[in-house]
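S.K.: This is the structure I have questions about; it appears just below.
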Amino acid sequence: MAAGMPTVTVEVAFTSDSLDTTPTWVDITSYVRAGSIRKGRTNELDEFQTGSCALTLDNRTRRFDPLYTSGPYYGNLKARRQCRIRATYSAVTYDLFYGFVSGWSLAPDLSGDSVCQIEGYDGLGYLASVDLPPDYFTWTVSQLSSQPVAWWQLGATDSSCTDKMGNYDWTYTTATPDTGDAPSKWMKGSSTSFANNYGIIGPIVPPSGSDQSWTVTGLIKTSTAGPAGFVSPILANSGPDNATIGVDDSGRLVFRNSGAGASNSGFAINDGNWHHFSVSYGGSGAAARIYVDGTFLSFSRSGSGDCGDGWNLLGMSNHVGDDTFFTGQLAHVTIYQSALATTAIKNLSVAALQGKKASGSVTTAGLMAQVLLAAGWPTAWRSLEAGTVKPGGMNWGQNALTVLQQLALTDGGRVFVDEDGVLQFYDRSHDRTATRSTTSQATYSDSGLAAVVPFNTVGEISYSDAYLANSVTVTTSEGATFTATDATSISAYGTVAKQIDTLLDSQADAQTYADIYLLAYKDPSLRIQDWKVAPQAKGSIAFPIVLDARLADRVTFEIMPNNIGTRISQAMIVEQIVHDFTPDTWQTTFSASPAYTSWLLEDATYGLLESTTIL
């Protein structure tokens with residue numbers, strides 16, 4: 001780099017895996033001709049964009065050519081190799097970008113010059129390519145130490161029932177079973193309605209024998225009971241012992257083994273509502289254990305829980321006296337070759353029926369942690385603030401980034417990847433509590449004063465209705481709506497409606513969200529589109545500030561248009577930072593939003609009066 005400029009260091013982990021948290025770095029700085037780094041979003045209402053970098057590398061020796069067998073990196077010029085960019089100025093090193101190389105692009109030149117153009121993206125781009133399990137129940141199952149040996153999601157409308165585990169092929173006794181309603185909004189697909197005229201038959205599913213442990217779980221919705229002294233069958237064995245799980249003549253969940261008696265739930269489950277059921281057996285003559293909605297409820301637990309040679313009839317039985325077919329709806333019938341612990345069964349039940357952890361409500365950060373765990377994102381690369389709300393759940397079955405953004409919107413916070421590759425979640429209280437967001441980190445000004453950073457261009461300065469909203473409606477995870485309006489603003493500007501769809505569980509949280517949003521946007525606000533800084537013009541002051549700039553920093557922007565009147569001074573929150581550099585030049589562009597704090601009376605978090613409070 002030229003004298004007075006920062007020393008830029010560019011490194012690539014050619015031989016390390018994409019998510020290696022201790023990669024082996026190789027310095028390629030001497031081959032960098034130019035670079036650009038972008039992170040953030042253009043305004044506070046947009047989702048954060050994937051951070052990116054672009055580098056032009058000298059490739060006259062073909063060292064960055066993935067086809068050149070004599071190159072020093074041959075065999076390791078692969079996509080998704082980690083890369084990082086740092087800058088050192090006055091003996092202080094600043095992180096600017098950490099992410100993944102998307103690929104290696106060659107641009108040969110007949111004159112003998114040649115460059116390699118590489119682009120990189122940060123962790124948001126990585127998470128956008130990771131699909132989560134279809135629902136919270138499937139995710140909960142995946143976390144069990146014992147995995148199912150058979151899993152029938154049901155909900156099919158053809159003549160076969162494909163086992164989700166891919167091991168068994170069962171066939172309906174009639175060609176077109178009816179599909180019912182989904183057992184929970186937190187689960188994908190529909191259940192299958194059994195109408196007392198068909199069931200499913202298949203090969204024997206292990207385990208078998210009196211010494212083998214097993215667990216059967218599923219979801220049931222029925223209004224019928226079994227015949228007197230017998231059962232309406234859920235799952236059965238067609239062999240001589242006719243082990244059966246079903247609903248008895250009192251409407252109770254029951255496990256029956258013809259050689260050793262029966263166990264039942266003690267109360268009826270045929271109330272026409274969805275219930276999660278489990279029956280487990282610890283092997284070696286243990287008693288069967290029955291659970292309904294995650295609660296252990298076995299009564300009359302005499303004798304063995306042996307299921308004979310296994311299960312092969314679903315929604316039907318050939319035991320004399322039983323109903324031939326089940327009447328009602330079944331979904332996600334699952335068999336494990338182990339006796340699941342009570343805690344695991346409770347977690348399965350709550351995941352199926354409520355979409356939450358069994359331990360109770362989970363904050364936004366807790367749900368984000370589940371997403372990142374499911375996506376395989378390293379713990380070392382995340383930093384999550386606690387969250388200000390407890391969502392009612394989250395919509396799985398999407399890519400990880402989409403779900404994280406939905407959760408951030410629900411909290412009124414931010415999710416992004418910072419300059420050293422760490423995924424950050426800033427909750428709604430961040431701008432009111434974090435030092436870098438409550439105290440101005442720099443002043444960008446045309447005043448010429450010694451301590452300020454000058455800018456060389458400024459984007460549009462406007463005072464418009466682009467962000468105006470005076471009727472704000474927030475929806476909860478259940479679809480309930482809560483609206484906040486401002487009569488004065490509506491009278492002055494007419495109605496400008498805004499709807500925000502969230503995953504909130506609490507009605508009070510939804511109303512608070514609407515109130516806070518209304519306070520911030522009920523009137524037009526001063527907007528400064530962006531400003532560009534050439535820090536080398538005032539290097540000793542500007543470079544330490546510009547290189548250390550971070551998303552969500554509070555800064556001060558000052559300008560006197562046309563040198564007339566009073567200098568405008570605006571507190572801003574940094575939303576986007578773009579660095580463009582060559583060995584001889586540096587330019588940084590900032591985009592920001594107005595910094596303000598809304599104040600809600602009698603609210604423990606937002607009832608604190610501050611210098612920038614809007615009343």
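In the structure tokens, each chain is lettered A, B, ... as it comes, each chain's residues begin at 1, and ligands are numbered from 1 in order of appearance.
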Using only C-alpha atoms, which protein or nucleic acid residues come within 12 Å of Leu67 of chain A? Drop anything in the same chain fewer than 3 positions from it, and give the result as a list in words.

M.R.: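 In the requested format, the answer is Arg62, Arg63, Phe64, Ser70, Gly71, Pro72, Tyr73, Tyr74, Gly75, Asn76, Leu77, Lys78, Trp104, Ser105 and Leu106 of chain A.
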
S.K.: Would you pick out the contacts of Tyr126 of chain A at 9 Å or less, using only C-alpha atoms, so that residues sharing its chain but fewer than 4 positions from it are not included, and give the list as an NGL selection string?

M.R.: :A and (50 or 80 or 99-100 or 121-122 or 130 or 401)

S.K.: Using only C-alpha atoms, pick whichever of A:Phe277, A:Trp151, A:Phe590, A:Phe557 has the shortest atom-to-atom distance to Asp446 of chain A.

M.R.: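 Of A:Phe277, A:Trp151, A:Phe590, A:Phe557, the one nearest Asp446 of chain A, counting only C-alpha atoms, is A:Phe557.
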
S.K.: Residues of segment 196-246 of chain A within 8 Å of segment 283-289 of chain A: nearest atom pair and distance (Å, one decimal) for each, counting only C-alpha atoms, sorted by chain and number, as a Markdown table?

M.R.:
| residue | atom | partner | partner_atom | distance |
| --- | --- | --- | --- | --- |
| A:Ser210 | CA | A:Ser284 | CA | 5.9 |
| A:Asp211 | CA | A:Ser284 | CA | 4.2 |
| A:Gln212 | CA | A:Gly283 | CA | 4.8 |
| A:Ser213 | CA | A:Gly283 | CA | 4.4 |
| A:Trp214 | CA | A:Gly283 | CA | 7.6 |

S.K.: For the residues selected in the previous step, produce a file with C-alpha atoms as an mmCIF file, in the first residue's frame.

M.R.:
data_model
loop_
_atom_site.group_PDB
_atom_site.id
_atom_site.type_symbol
_atom_site.label_atom_id
_atom_site.label_comp_id
_atom_site.auth_asym_id
_atom_site.auth_seq_id
_atom_site.Cartn_x
_atom_site.Cartn_y
_atom_site.Cartn_z
ATOM 1 C CA SER A 210 -39.802 -60.437 25.190
ATOM 2 C CA ASP A 211 -36.274 -59.169 25.876
ATOM 3 C CA GLN A 212 -36.381 -56.355 23.294
ATOM 4 C CA SER A 213 -37.045 -52.751 24.363
ATOM 5 C CA TRP A 214 -39.303 -50.529 22.248
#

S.K.: Contacts of Thr589 of chain A at 7 Å or less, counting only C-alpha atoms, minus same-chain residues fewer than 3 places along, as number ranges by chain?

M.R.: A: 530-533, 577-579

S.K.: Applying 10 Å and only C-alpha atoms, which residues near Tyr168 of chain A remain after dropping the ones on its own chain fewer than 3 positions away? List them as a PyMOL selection string.

M.R.: chain A and resi 149-152+161-165+202-205

S.K.: Can you spit out the residues from that selection as an mmCIF file, in the first residue's frame, using all heavy atoms?

M.R.:
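Output file part.cif is given in full below:
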data_model
loop_
_atom_site.group_PDB
_atom_site.id
_atom_site.type_symbol
_atom_site.label_atom_id
_atom_site.label_comp_id
_atom_site.auth_asym_id
_atom_site.auth_seq_id
_atom_site.Cartn_x
_atom_site.Cartn_y
_atom_site.Cartn_z
ATOM 1 N N VAL A 149 -36.820 -46.627 14.183
ATOM 2 C CA VAL A 149 -36.605 -47.678 13.187
ATOM 3 C C VAL A 149 -37.730 -47.651 12.160
ATOM 4 O O VAL A 149 -37.605 -48.259 11.096
ATOM 5 C CB VAL A 149 -36.512 -49.076 13.844
ATOM 6 C CG1 VAL A 149 -35.277 -49.162 14.722
ATOM 7 C CG2 VAL A 149 -37.764 -49.401 14.644
ATOM 8 N N ALA A 150 -38.812 -46.974 12.474
ATOM 9 C CA ALA A 150 -39.913 -46.808 11.522
ATOM 10 C C ALA A 150 -40.669 -45.533 11.879
ATOM 11 O O ALA A 150 -40.830 -45.200 13.046
ATOM 12 C CB ALA A 150 -40.855 -48.007 11.564
ATOM 13 N N TRP A 151 -41.111 -44.829 10.843
ATOM 14 C CA TRP A 151 -41.805 -43.545 11.066
ATOM 15 C C TRP A 151 -42.782 -43.347 9.912
ATOM 16 O O TRP A 151 -42.386 -43.157 8.776
ATOM 17 C CB TRP A 151 -40.775 -42.424 11.102
ATOM 18 C CG TRP A 151 -41.321 -41.057 11.394
ATOM 19 C CD1 TRP A 151 -42.613 -40.652 11.443
ATOM 20 C CD2 TRP A 151 -40.535 -39.893 11.681
ATOM 21 N NE1 TRP A 151 -42.712 -39.329 11.739
ATOM 22 C CE2 TRP A 151 -41.442 -38.835 11.901
ATOM 23 C CE3 TRP A 151 -39.184 -39.636 11.776
ATOM 24 C CZ2 TRP A 151 -41.014 -37.550 12.184
ATOM 25 C CZ3 TRP A 151 -38.760 -38.362 12.060
ATOM 26 C CH2 TRP A 151 -39.661 -37.326 12.273
ATOM 27 N N TRP A 152 -44.080 -43.399 10.231
ATOM 28 C CA TRP A 152 -45.110 -43.190 9.219
ATOM 29 C C TRP A 152 -45.773 -41.840 9.469
ATOM 30 O O TRP A 152 -46.528 -41.670 10.418
ATOM 31 C CB TRP A 152 -46.134 -44.324 9.256
ATOM 32 C CG TRP A 152 -45.479 -45.643 9.037
ATOM 33 C CD1 TRP A 152 -45.005 -46.140 7.859
ATOM 34 C CD2 TRP A 152 -45.179 -46.609 10.036
ATOM 35 N NE1 TRP A 152 -44.423 -47.369 8.068
ATOM 36 C CE2 TRP A 152 -44.520 -47.682 9.386
ATOM 37 C CE3 TRP A 152 -45.399 -46.694 11.415
ATOM 38 C CZ2 TRP A 152 -44.073 -48.814 10.072
ATOM 39 C CZ3 TRP A 152 -44.956 -47.806 12.102
ATOM 40 C CH2 TRP A 152 -44.299 -48.860 11.421
ATOM 41 N N CYS A 161 -48.229 -46.421 1.825
ATOM 42 C CA CYS A 161 -47.769 -45.525 2.899
ATOM 43 C C CYS A 161 -46.264 -45.688 3.000
ATOM 44 O O CYS A 161 -45.778 -46.729 3.453
ATOM 45 C CB CYS A 161 -48.445 -45.895 4.214
ATOM 46 S SG CYS A 161 -47.882 -44.906 5.616
ATOM 47 N N THR A 162 -45.525 -44.706 2.537
ATOM 48 C CA THR A 162 -44.074 -44.807 2.538
ATOM 49 C C THR A 162 -43.525 -44.428 3.903
ATOM 50 O O THR A 162 -43.819 -43.369 4.444
ATOM 51 C CB THR A 162 -43.456 -43.882 1.469
ATOM 52 O OG1 THR A 162 -43.997 -44.236 0.206
ATOM 53 C CG2 THR A 162 -41.953 -44.024 1.435
ATOM 54 N N ASP A 163 -42.717 -45.301 4.436
ATOM 55 C CA ASP A 163 -42.083 -45.049 5.722
ATOM 56 C C ASP A 163 -41.047 -43.946 5.568
ATOM 57 O O ASP A 163 -40.197 -43.991 4.682
ATOM 58 C CB ASP A 163 -41.432 -46.350 6.200
ATOM 59 C CG ASP A 163 -40.647 -46.172 7.487
ATOM 60 O OD1 ASP A 163 -40.940 -45.226 8.220
ATOM 61 O OD2 ASP A 163 -39.757 -46.995 7.734
ATOM 62 N N LYS A 164 -41.104 -42.926 6.444
ATOM 63 C CA LYS A 164 -40.161 -41.821 6.361
ATOM 64 C C LYS A 164 -38.723 -42.297 6.515
ATOM 65 O O LYS A 164 -37.801 -41.712 5.972
ATOM 66 C CB LYS A 164 -40.477 -40.787 7.444
ATOM 67 C CG LYS A 164 -39.578 -39.559 7.397
ATOM 68 C CD LYS A 164 -39.970 -38.559 8.461
ATOM 69 C CE LYS A 164 -39.131 -37.293 8.339
ATOM 70 N NZ LYS A 164 -37.697 -37.548 8.569
ATOM 71 N N MET A 165 -38.509 -43.368 7.279
ATOM 72 C CA MET A 165 -37.162 -43.870 7.483
ATOM 73 C C MET A 165 -36.648 -44.637 6.259
ATOM 74 O O MET A 165 -35.477 -44.983 6.191
ATOM 75 C CB MET A 165 -37.106 -44.776 8.710
ATOM 76 C CG MET A 165 -37.626 -44.119 9.990
ATOM 77 S SD MET A 165 -36.845 -42.521 10.357
ATOM 78 C CE MET A 165 -35.181 -43.047 10.729
ATOM 79 N N GLY A 202 -48.402 -54.253 6.625
ATOM 80 C CA GLY A 202 -47.038 -54.280 6.115
ATOM 81 C C GLY A 202 -46.239 -55.393 6.739
ATOM 82 O O GLY A 202 -46.767 -56.224 7.483
ATOM 83 N N PRO A 203 -44.950 -55.419 6.450
ATOM 84 C CA PRO A 203 -44.084 -56.437 7.030
ATOM 85 C C PRO A 203 -43.879 -56.197 8.523
ATOM 86 O O PRO A 203 -44.155 -55.115 9.042
ATOM 87 C CB PRO A 203 -42.776 -56.261 6.257
ATOM 88 C CG PRO A 203 -42.789 -54.816 5.855
ATOM 89 C CD PRO A 203 -44.218 -54.487 5.587
ATOM 90 N N ILE A 204 -43.398 -57.196 9.211
ATOM 91 C CA ILE A 204 -43.128 -57.067 10.649
ATOM 92 C C ILE A 204 -42.040 -56.023 10.874
ATOM 93 O O ILE A 204 -41.000 -56.020 10.220
ATOM 94 C CB ILE A 204 -42.678 -58.420 11.234
ATOM 95 C CG1 ILE A 204 -43.849 -59.415 11.197
ATOM 96 C CG2 ILE A 204 -42.150 -58.248 12.639
ATOM 97 C CD1 ILE A 204 -44.953 -59.076 12.172
ATOM 98 N N VAL A 205 -42.313 -55.103 11.818
ATOM 99 C CA VAL A 205 -41.344 -54.083 12.192
ATOM 100 C C VAL A 205 -40.718 -54.486 13.522
ATOM 101 O O VAL A 205 -41.441 -54.727 14.488
ATOM 102 C CB VAL A 205 -42.007 -52.700 12.322
ATOM 103 C CG1 VAL A 205 -40.982 -51.666 12.764
ATOM 104 C CG2 VAL A 205 -42.635 -52.292 11.006
#
